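The file run-v6.cif contains mmCIF, C-alpha atoms and all ligand atoms:
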data_query
loop_
_atom_site.label_atom_id
_atom_site.label_comp_id
_atom_site.auth_asym_id
_atom_site.auth_seq_id
_atom_site.Cartn_x
_atom_site.Cartn_y
_atom_site.Cartn_z
CA MET A 1 244.41 8.08 -4.45
CA LYS A 2 248.16 7.67 -4.53
CA GLY A 3 250.09 4.61 -3.39
CA ALA A 4 253.55 3.04 -3.39
CA VAL A 5 254.53 1.34 -6.66
CA LEU A 6 257.84 -0.43 -7.36
CA PHE A 7 258.94 0.30 -10.93
CA ALA A 8 262.39 -1.33 -10.88
CA PRO A 9 264.99 -2.30 -8.28
CA HIS A 10 265.61 0.65 -5.90
CA ASP A 11 262.87 2.66 -7.64
CA VAL A 12 259.73 2.86 -5.50
CA ARG A 13 257.47 5.88 -6.07
CA TYR A 14 254.34 7.34 -4.54
CA VAL A 15 252.12 7.65 -7.62
CA GLU A 16 248.47 7.83 -8.68
CA ARG A 17 246.60 4.52 -8.38
CA GLU A 18 242.98 3.57 -8.86
CA ASP A 19 240.77 4.07 -5.78
CA PRO A 20 239.92 0.67 -4.30
CA LYS A 21 236.23 -0.28 -4.59
CA ILE A 22 234.08 -3.16 -3.37
CA VAL A 23 234.44 -5.90 -6.03
CA GLU A 24 233.01 -8.97 -4.27
CA PRO A 25 230.15 -8.85 -1.72
CA THR A 26 232.62 -10.31 0.85
CA ASP A 27 234.98 -7.28 0.53
CA VAL A 28 235.45 -4.28 2.75
CA ILE A 29 237.32 -1.04 2.09
CA LEU A 30 239.60 0.23 4.88
CA ARG A 31 240.87 3.74 5.49
CA LEU A 32 244.35 2.85 6.74
CA SER A 33 245.61 4.33 10.00
CA ALA A 34 249.09 2.99 9.38
CA THR A 35 251.02 0.62 7.11
CA CYS A 36 254.70 -0.28 6.86
CA VAL A 37 257.61 -1.67 4.88
CA CYS A 38 258.38 -5.37 5.36
CA GLY A 39 261.77 -7.05 5.27
CA SER A 40 260.29 -9.23 2.51
CA ASP A 41 259.57 -6.07 0.44
CA LEU A 42 263.33 -5.67 0.25
CA TRP A 43 263.73 -8.83 -1.89
CA PRO A 44 262.06 -7.23 -4.97
CA TYR A 45 263.39 -3.77 -3.97
CA ARG A 46 266.93 -5.16 -4.21
CA GLY A 47 266.11 -6.95 -7.46
CA ILE A 48 266.68 -10.38 -5.89
CA SER A 49 263.06 -11.21 -6.75
CA PRO A 50 262.43 -9.98 -10.32
CA VAL A 51 260.29 -6.86 -10.89
CA ARG A 52 258.58 -7.53 -14.24
CA ARG A 53 256.08 -4.65 -14.23
CA PRO A 54 255.19 -1.67 -12.02
CA THR A 55 253.93 -3.36 -8.83
CA PRO A 56 251.82 -1.84 -6.02
CA MET A 57 253.57 -2.63 -2.72
CA GLY A 58 252.67 -3.40 0.88
CA HIS A 59 250.79 -6.12 2.77
CA GLU A 60 250.65 -4.94 6.42
CA TYR A 61 247.74 -2.80 7.52
CA VAL A 62 245.41 -1.58 10.24
CA GLY A 63 242.56 0.85 9.80
CA VAL A 64 238.95 1.81 10.03
CA VAL A 65 236.22 0.11 8.00
CA GLU A 66 234.97 2.64 5.47
CA ASP A 67 232.72 0.58 3.19
CA VAL A 68 231.23 -2.92 3.56
CA GLY A 69 230.16 -5.48 0.94
CA THR A 70 226.58 -6.75 1.08
CA SER A 71 227.41 -10.23 2.47
CA VAL A 72 229.88 -9.14 5.19
CA ARG A 73 228.53 -10.10 8.64
CA THR A 74 231.22 -9.75 11.33
CA VAL A 75 232.76 -6.33 10.73
CA LYS A 76 230.94 -3.02 10.60
CA LYS A 77 231.58 0.41 9.21
CA GLY A 78 233.55 2.54 11.68
CA GLN A 79 235.27 -0.41 13.42
CA PHE A 80 239.06 -0.52 13.78
CA VAL A 81 240.44 -3.78 12.39
CA VAL A 82 243.67 -5.75 12.00
CA GLY A 83 244.20 -8.31 9.25
CA SER A 84 247.03 -10.54 8.11
CA PHE A 85 249.02 -10.46 4.87
CA PHE A 86 246.86 -13.22 3.41
CA ALA A 87 243.10 -12.80 3.18
CA SER A 88 241.49 -16.11 4.13
CA ASP A 89 237.95 -17.46 4.44
CA ASP A 90 238.71 -19.04 7.86
CA THR A 91 236.24 -21.84 7.03
CA CYS A 92 237.95 -24.27 4.60
CA PRO A 93 239.67 -27.42 5.96
CA ILE A 94 243.12 -25.80 5.77
CA CYS A 95 241.93 -22.73 7.72
CA GLN A 96 240.13 -24.94 10.23
CA ALA A 97 243.43 -26.74 10.85
CA GLY A 98 245.05 -23.36 11.60
CA TYR A 99 246.94 -22.73 8.36
CA GLN A 100 245.00 -19.70 7.07
CA SER A 101 248.01 -18.47 5.06
CA ARG A 102 247.41 -21.48 2.80
CA CYS A 103 243.60 -21.14 2.70
CA VAL A 104 242.18 -22.69 -0.47
CA ASN A 105 240.75 -19.22 -1.25
CA ALA A 106 243.74 -17.21 0.02
CA VAL A 107 244.40 -13.80 -1.53
CA PRO A 108 247.90 -12.36 -0.98
CA MET A 109 247.35 -8.82 0.32
CA GLY A 110 250.58 -7.76 -1.37
CA SER A 111 248.70 -8.04 -4.67
CA LEU A 112 246.34 -5.27 -3.47
CA GLY A 113 249.03 -2.81 -2.37
CA ALA A 114 248.64 -1.80 1.29
CA GLN A 115 251.17 1.05 1.19
CA ALA A 116 248.35 3.46 0.37
CA PRO A 117 245.66 5.44 2.24
CA TYR A 118 242.86 2.99 1.30
CA LEU A 119 242.79 -0.78 0.85
CA ARG A 120 240.34 -3.41 -0.37
CA VAL A 121 240.29 -6.48 1.90
CA PRO A 122 238.71 -9.62 0.37
CA LEU A 123 237.02 -12.31 2.54
CA ALA A 124 236.57 -9.69 5.27
CA ASP A 125 234.66 -11.97 7.68
CA GLY A 126 237.46 -14.53 7.70
CA THR A 127 240.37 -12.11 7.52
CA LEU A 128 239.75 -9.18 9.87
CA VAL A 129 239.75 -8.99 13.66
CA ALA A 130 238.18 -5.88 15.23
CA THR A 131 239.49 -4.18 18.37
CA PRO A 132 237.00 -3.59 21.24
CA GLU A 133 236.89 0.14 20.36
CA LEU A 134 239.02 2.68 18.49
CA PRO A 135 242.58 2.36 19.83
CA PRO A 136 244.64 5.29 21.11
CA ALA A 137 247.31 6.46 18.64
CA SER A 138 250.06 5.08 20.90
CA MET A 139 248.73 1.52 20.45
CA ILE A 140 248.45 1.59 16.65
CA PRO A 141 252.10 0.64 15.90
CA SER A 142 251.73 -2.49 18.04
CA LEU A 143 248.46 -3.46 16.36
CA LEU A 144 250.14 -2.92 12.99
CA ALA A 145 253.00 -5.19 14.07
CA ALA A 146 250.43 -7.93 14.74
CA SER A 147 249.49 -7.81 11.03
CA ASP A 148 252.75 -9.50 10.04
CA VAL A 149 256.02 -9.26 11.97
CA LEU A 150 254.60 -10.10 15.41
CA GLY A 151 252.34 -12.83 14.00
CA THR A 152 255.27 -14.24 12.03
CA GLY A 153 257.67 -14.19 14.99
CA TRP A 154 254.91 -15.79 17.08
CA PHE A 155 254.35 -18.57 14.55
CA ALA A 156 258.11 -19.22 14.40
CA ALA A 157 258.32 -19.49 18.20
CA ASP A 158 255.25 -21.73 18.26
CA ALA A 159 256.65 -23.92 15.45
CA ALA A 160 259.96 -24.12 17.36
CA GLU A 161 257.96 -25.20 20.46
CA ALA A 162 259.43 -22.45 22.63
CA GLY A 163 258.29 -23.00 26.20
CA PRO A 164 259.26 -23.54 29.85
CA GLY A 165 262.65 -25.17 30.34
CA LYS A 166 263.63 -24.60 26.70
CA THR A 167 266.65 -22.84 25.25
CA VAL A 168 265.54 -20.86 22.19
CA VAL A 169 267.99 -19.58 19.58
CA VAL A 170 266.92 -16.80 17.20
CA VAL A 171 268.80 -16.49 13.91
CA GLY A 172 268.09 -13.03 12.43
CA ASP A 173 267.85 -9.65 14.19
CA GLY A 174 265.29 -7.99 11.90
CA ALA A 175 261.80 -7.14 13.16
CA VAL A 176 260.60 -10.77 12.87
CA GLY A 177 263.60 -12.20 14.74
CA LEU A 178 263.25 -9.58 17.48
CA LEU A 179 259.54 -10.33 17.85
CA GLY A 180 260.39 -14.05 17.86
CA VAL A 181 262.35 -13.18 21.01
CA LEU A 182 259.27 -11.43 22.46
CA ALA A 183 257.09 -14.43 21.56
CA ALA A 184 259.52 -16.92 23.14
CA LYS A 185 259.50 -14.79 26.30
CA GLN A 186 255.68 -14.81 26.38
CA MET A 187 255.82 -18.60 25.93
CA ARG A 188 258.06 -18.65 29.05
CA ALA A 189 261.22 -20.00 27.47
CA GLU A 190 264.03 -20.34 29.99
CA ARG A 191 266.90 -19.02 27.90
CA ILE A 192 266.62 -16.93 24.72
CA VAL A 193 269.74 -16.44 22.61
CA LEU A 194 269.65 -13.73 19.95
CA MET A 195 272.29 -14.02 17.21
CA SER A 196 273.10 -10.42 16.30
CA ARG A 197 276.05 -8.13 15.69
CA ASN A 198 274.14 -4.85 15.78
CA PRO A 199 274.25 -3.02 19.16
CA ASP A 200 270.83 -1.29 18.72
CA ARG A 201 269.16 -4.57 17.76
CA GLN A 202 270.90 -6.41 20.62
CA GLN A 203 269.53 -3.76 23.00
CA LEU A 204 265.95 -4.09 21.71
CA GLY A 205 266.33 -7.89 21.78
CA ARG A 206 267.25 -7.69 25.47
CA GLU A 207 264.23 -5.46 26.15
CA PHE A 208 262.04 -8.08 24.45
CA GLY A 209 263.50 -10.86 26.62
CA ALA A 210 266.80 -12.13 25.16
CA THR A 211 269.00 -13.53 27.94
CA ASP A 212 272.12 -14.00 25.77
CA ILE A 213 273.63 -12.49 22.63
CA VAL A 214 275.86 -14.40 20.22
CA THR A 215 277.75 -12.30 17.66
CA GLU A 216 279.45 -15.14 15.77
CA ARG A 217 277.88 -16.38 12.55
CA GLY A 218 277.88 -19.54 10.45
CA ASP A 219 279.76 -22.52 11.89
CA GLU A 220 281.42 -20.29 14.54
CA GLY A 221 277.95 -19.26 15.69
CA VAL A 222 276.89 -22.91 15.79
CA ALA A 223 279.97 -23.75 17.88
CA ARG A 224 279.00 -21.01 20.41
CA ILE A 225 275.46 -22.43 20.68
CA LYS A 226 276.87 -25.94 21.23
CA GLU A 227 279.16 -24.59 23.98
CA MET A 228 276.18 -22.99 25.71
CA THR A 229 274.08 -26.20 25.58
CA ASN A 230 276.48 -28.93 26.79
CA GLY A 231 277.31 -29.75 23.19
CA LEU A 232 273.71 -30.63 22.35
CA GLY A 233 272.32 -27.64 20.47
CA ALA A 234 269.16 -25.70 21.32
CA HIS A 235 265.73 -27.22 21.90
CA SER A 236 264.07 -24.54 19.78
CA VAL A 237 265.46 -22.48 16.90
CA ILE A 238 263.81 -19.64 15.02
CA GLU A 239 265.13 -18.86 11.53
CA ALA A 240 264.11 -15.36 10.38
CA VAL A 241 266.36 -14.50 7.43
CA GLY A 242 265.85 -16.90 4.52
CA THR A 243 269.38 -17.42 3.16
CA GLN A 244 271.40 -20.61 2.78
CA GLU A 245 273.81 -19.47 5.51
CA SER A 246 271.09 -18.60 8.03
CA MET A 247 269.17 -21.81 7.37
CA MET A 248 272.25 -24.01 7.85
CA GLN A 249 273.19 -22.03 10.97
CA ALA A 250 269.66 -22.64 12.32
CA LEU A 251 269.59 -26.34 11.40
CA ARG A 252 273.04 -27.02 12.90
CA SER A 253 272.09 -25.12 16.09
CA THR A 254 269.08 -27.41 16.72
CA ARG A 255 269.61 -30.52 18.87
CA PRO A 256 268.35 -33.93 17.69
CA GLY A 257 264.67 -34.10 18.57
CA GLY A 258 264.51 -30.28 18.70
CA HIS A 259 262.24 -27.98 16.70
CA LEU A 260 263.13 -25.47 14.00
CA GLY A 261 260.58 -22.82 12.99
CA PHE A 262 261.66 -21.12 9.76
CA VAL A 263 259.92 -17.96 8.57
CA GLY A 264 262.55 -16.08 6.57
CA VAL A 265 261.31 -16.14 2.96
CA ALA A 266 263.69 -18.69 1.41
CA HIS A 267 265.88 -17.41 -1.42
CA GLY A 268 268.20 -19.98 -2.97
CA VAL A 269 268.03 -22.28 0.06
CA ALA A 270 268.83 -25.96 -0.62
CA LEU A 271 269.14 -28.35 2.31
CA PRO A 272 271.62 -31.24 1.91
CA GLY A 273 269.53 -34.39 2.17
CA LEU A 274 271.89 -36.56 4.18
CA GLU A 275 272.61 -33.81 6.72
CA LEU A 276 268.88 -33.21 7.06
CA PHE A 277 268.35 -36.95 7.52
CA GLN A 278 271.03 -37.16 10.21
CA ALA A 279 269.90 -33.97 11.98
CA GLU A 280 266.67 -35.57 13.20
CA VAL A 281 264.91 -32.28 13.90
CA HIS A 282 261.27 -31.20 13.54
CA LEU A 283 260.88 -28.63 10.76
CA LEU A 284 257.88 -26.33 10.33
CA GLY A 285 257.92 -23.09 8.43
CA GLY A 286 256.42 -21.01 5.69
CA PRO A 287 254.23 -17.93 5.44
CA ALA A 288 252.88 -17.54 8.96
CA PRO A 289 249.19 -18.25 9.52
CA VAL A 290 248.93 -14.95 11.38
CA ARG A 291 245.13 -15.10 11.42
CA ARG A 292 245.28 -18.07 13.82
CA TYR A 293 247.05 -15.92 16.42
CA LEU A 294 245.41 -12.52 15.81
CA PRO A 295 242.66 -12.63 18.47
CA GLU A 296 245.21 -13.57 21.16
CA LEU A 297 247.77 -11.01 19.94
CA VAL A 298 245.19 -8.20 19.81
CA ASP A 299 244.18 -9.09 23.41
CA LEU A 300 247.79 -9.03 24.64
CA ILE A 301 248.34 -5.62 23.02
CA TRP A 302 244.99 -4.19 24.15
CA SER A 303 245.69 -5.19 27.76
CA GLY A 304 249.19 -3.65 27.60
CA LYS A 305 251.02 -6.95 28.19
CA ILE A 306 253.22 -6.61 25.10
CA ASP A 307 254.46 -3.63 23.10
CA PRO A 308 255.75 -5.03 19.79
CA GLY A 309 255.38 -1.60 18.13
CA GLU A 310 258.83 -0.77 19.48
CA VAL A 311 260.29 -2.43 16.37
CA PHE A 312 259.27 0.64 14.37
CA ASP A 313 262.19 3.03 14.65
CA LEU A 314 261.27 5.28 11.73
CA THR A 315 257.88 6.90 10.99
CA LEU A 316 257.31 8.71 7.71
CA PRO A 317 254.36 10.11 5.79
CA LEU A 318 253.28 7.79 2.96
CA ASP A 319 254.55 10.17 0.29
CA GLN A 320 258.10 9.58 1.60
CA VAL A 321 257.83 5.82 1.11
CA ALA A 322 261.00 5.81 -1.05
CA GLU A 323 263.07 6.99 1.92
CA GLY A 324 261.37 4.33 4.07
CA TYR A 325 262.66 1.58 1.77
CA LYS A 326 266.10 3.15 1.47
CA ALA A 327 266.54 3.40 5.25
CA MET A 328 265.69 -0.29 5.69
CA ASP A 329 267.79 -1.36 2.72
CA GLU A 330 270.80 0.43 4.22
CA ARG A 331 269.95 -1.01 7.66
CA ARG A 332 269.58 2.51 9.10
CA ALA A 333 266.07 1.50 10.22
CA ILE A 334 264.80 -1.81 11.61
CA LYS A 335 261.29 -1.15 10.31
CA THR A 336 259.57 1.84 8.73
CA LEU A 337 256.03 2.79 9.70
CA LEU A 338 254.10 4.80 7.11
CA ALA A 339 251.17 7.01 8.10
CA PRO A 340 248.90 8.61 5.52
CA ASP A 341 249.66 12.19 6.63
CA GLY A 342 252.70 11.39 8.71
CA LYS A 343 250.51 11.20 11.81
CA VAL A 344 249.31 7.88 13.26
CA ALA A 345 245.65 8.01 14.34
CA ALA A 346 242.56 5.83 14.16
ZN ZN B 1 240.36 -21.23 4.12
#
Just dump the structure as structure tokens.
Ligand SMILES: [Zn+2]
Amino acid sequence: MKGAVLFAPHDVRYVEREDPKIVEPTDVILRLSATCVCGSDLWPYRGISPVRRPTPMGHEYVGVVEDVGTSVRTVKKGQFVVGSFFASDDTCPICQAGYQSRCVNAVPMGSLGAQAPYLRVPLADGTLVATPELPPASMIPSLLAASDVLGTGWFAADAAEAGPGKTVVVVGDGAVGLLGVLAAKQMRAERIVLMSRNPDRQQLGREFGATDIVTERGDEGVARIKEMTNGLGAHSVIEAVGTQESMMQALRSTRPGGHLGFVGVAHGVALPGLELFQAEVHLLGGPAPVRRYLPELVDLIWSGKIDPGEVFDLTLPLDQVAEGYKAMDERRAIKTLLAPDGKVAA
């Protein structure tokens, strides 16, 4: 088969790769219905994370089980499944506590290269969640979103303790930030403030449930949030960028005793100790344990209660993956969906 491989910054190609095969008895092979480009793929694409050797890309996936290892019990050939960007056993003490992204046996799916027509998924019983039956094509983008961006936005909103009576601030208007808005809305937050300067993203944020938009950034943005909250700061803040500026903006927007959920992959972030000490906020972040939320998210999508697939504003055939990266890099697209033949179907 062919698949996406990053050779150097700004050089991603659709090239011949080895066909994935069952390696461990706990593996399955999926025929992917759809995959996509992640905001975090842009870090190596831009050369901010080093690219030392040609690297298969992609960690978001949905598809149909094609082949099953001999010890797999819960998923069957022909089922449609969703998995997260970390394979996890779902049985170790860390998984049992709900932190499957840090499973003692975790396998990063990025190392297996999901931007391809076929994918090996390790620890299939712990990792994959099957849908009740094959989904209609129109539902596949939303199920794909659950694989990472929705699950990550959901974790951030949960970590920020979004809920009734709360003011939630979202720093970052990429797919994760926008789905953090959707998650906060589902968690019945009273006021949801999206920090964004981009009219298209503001519009989608409002559709997902944002009640207010703040266009200022940095300390000016913090001042606006303070004005809106009687000088206190927000109860709940979602950080979905991963830079020093966005993290400080998020921290300074959180009131004492408030909660900050940070899910932007940190690049060069260093928090000043004394300011952190004085801030007196709850911090929880990291790679989202998407697996914890997947059964609930699949239910919400299946029953038509949420439509997170709207974050995909560009669909391309897999062989045009290079354009998919370029469009996101240049912020012409929020998120690129890739379909094996350009057509999304189960
Ligand atoms: Zn585990």
Check your understanding: Skipping near chain neighbours, those fewer than 5 positions away, what residues fall within 6 Å of segment 232-244 of chain A using all atoms listed in the file, listed as a PyMOL selection string?
Key -> chain A and resi 156+160+162+166-172+177+226+250+253-255+258-267+269
Point to revise | Given 6 Å and all atoms listed in the file, residues near ligand ZN 1 (chain B) as a PyMOL selection string | key: chain A and resi 88-92+94-95+100+103-105
Review point. Counting all atoms listed in the file, which of A:Pro25, A:Gly151, A:Gly58, A:Pro164 gets nearest to Arg188 of chain A?
Key: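 Under the stated criterion, the closest residue is A:Pro164.
Taking atom CA of Gly165 of chain A and atom CA of Gly209 of chain A as endpoints, the distance between them is 14.8 Å.
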Per-residue nearest contacts segment 123-182 of chain A to segment 77-87 of chain A, cut-off 7 Å, using all atoms listed in the file, as a tab-separated table:
residue	atom	partner	partner_atom	distance
A:Leu123	CA	A:Ala87	CA	6.1
A:Thr127	CA	A:Ala87	CA	5.2
A:Leu128	CA	A:Gly83	CA	4.6
A:Val129	CA	A:Val82	CA	5.3
A:Ala130	CA	A:Val81	CA	4.2
A:Thr131	CA	A:Phe80	CA	5.9
A:Glu133	CA	A:Phe80	CA	7.0
A:Leu134	CA	A:Phe80	CA	5.7
A:Leu143	CA	A:Val82	CA	6.9
A:Ser147	CA	A:Ser84	CA	4.7
A:Asp148	CA	A:Ser84	CA	6.1
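A straight line drawn from atom CA of Met1 of chain A to atom CA of Phe312 of chain A is 25.1 Å long.
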Quick one: which segment 181-271 of chain A residues come within 12 Å of segment 317-333 of chain A, and what is the nearest atom pair for each with the distance in Å to one decimal, counting all atoms listed in the file, rows ordered by chain and ascending number, as CSV?
residue,atom,partner,partner_atom,distance
A:Asn198,CA,A:Arg331,CA,9.9
A:Asp200,CA,A:Ala333,CA,10.1
A:Arg201,CA,A:Ala333,CA,10.2
Add whatever atoms are absent from segment 140-152 of chain A to reach N, CA and C atoms, and provide the output as a short mmCIF file (atom, residue, chain, number, x, y, z; two decimals), in the coordinates of the input.
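Writing done, so here's part.cif:
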data_model
loop_
_atom_site.label_atom_id
_atom_site.label_comp_id
_atom_site.auth_asym_id
_atom_site.auth_seq_id
_atom_site.Cartn_x
_atom_site.Cartn_y
_atom_site.Cartn_z
N ILE A 140 248.59 1.98 18.07
CA ILE A 140 248.45 1.59 16.65
C ILE A 140 249.71 0.90 16.10
N PRO A 141 250.93 1.37 16.42
CA PRO A 141 252.10 0.64 15.90
C PRO A 141 252.12 -0.83 16.35
N SER A 142 251.73 -1.10 17.57
CA SER A 142 251.73 -2.49 18.04
C SER A 142 250.68 -3.32 17.32
N LEU A 143 249.51 -2.73 17.10
CA LEU A 143 248.46 -3.46 16.36
C LEU A 143 248.90 -3.72 14.92
N LEU A 144 249.61 -2.74 14.35
CA LEU A 144 250.14 -2.92 12.99
C LEU A 144 251.17 -4.05 12.97
N ALA A 145 252.00 -4.12 14.00
CA ALA A 145 253.00 -5.19 14.07
C ALA A 145 252.33 -6.57 14.07
N ALA A 146 251.14 -6.64 14.69
CA ALA A 146 250.43 -7.93 14.74
C ALA A 146 250.06 -8.42 13.34
N SER A 147 249.90 -7.50 12.40
CA SER A 147 249.49 -7.81 11.03
C SER A 147 250.47 -8.73 10.32
N ASP A 148 251.76 -8.62 10.67
CA ASP A 148 252.75 -9.50 10.04
C ASP A 148 253.89 -9.85 10.98
N VAL A 149 254.76 -8.90 11.29
CA VAL A 149 256.02 -9.26 11.97
C VAL A 149 255.81 -9.93 13.32
N LEU A 150 254.86 -9.44 14.12
CA LEU A 150 254.60 -10.10 15.41
C LEU A 150 253.99 -11.48 15.17
N GLY A 151 252.99 -11.55 14.29
CA GLY A 151 252.34 -12.83 14.00
C GLY A 151 253.33 -13.83 13.43
N THR A 152 254.27 -13.36 12.63
CA THR A 152 255.27 -14.24 12.03
C THR A 152 256.28 -14.72 13.07
#
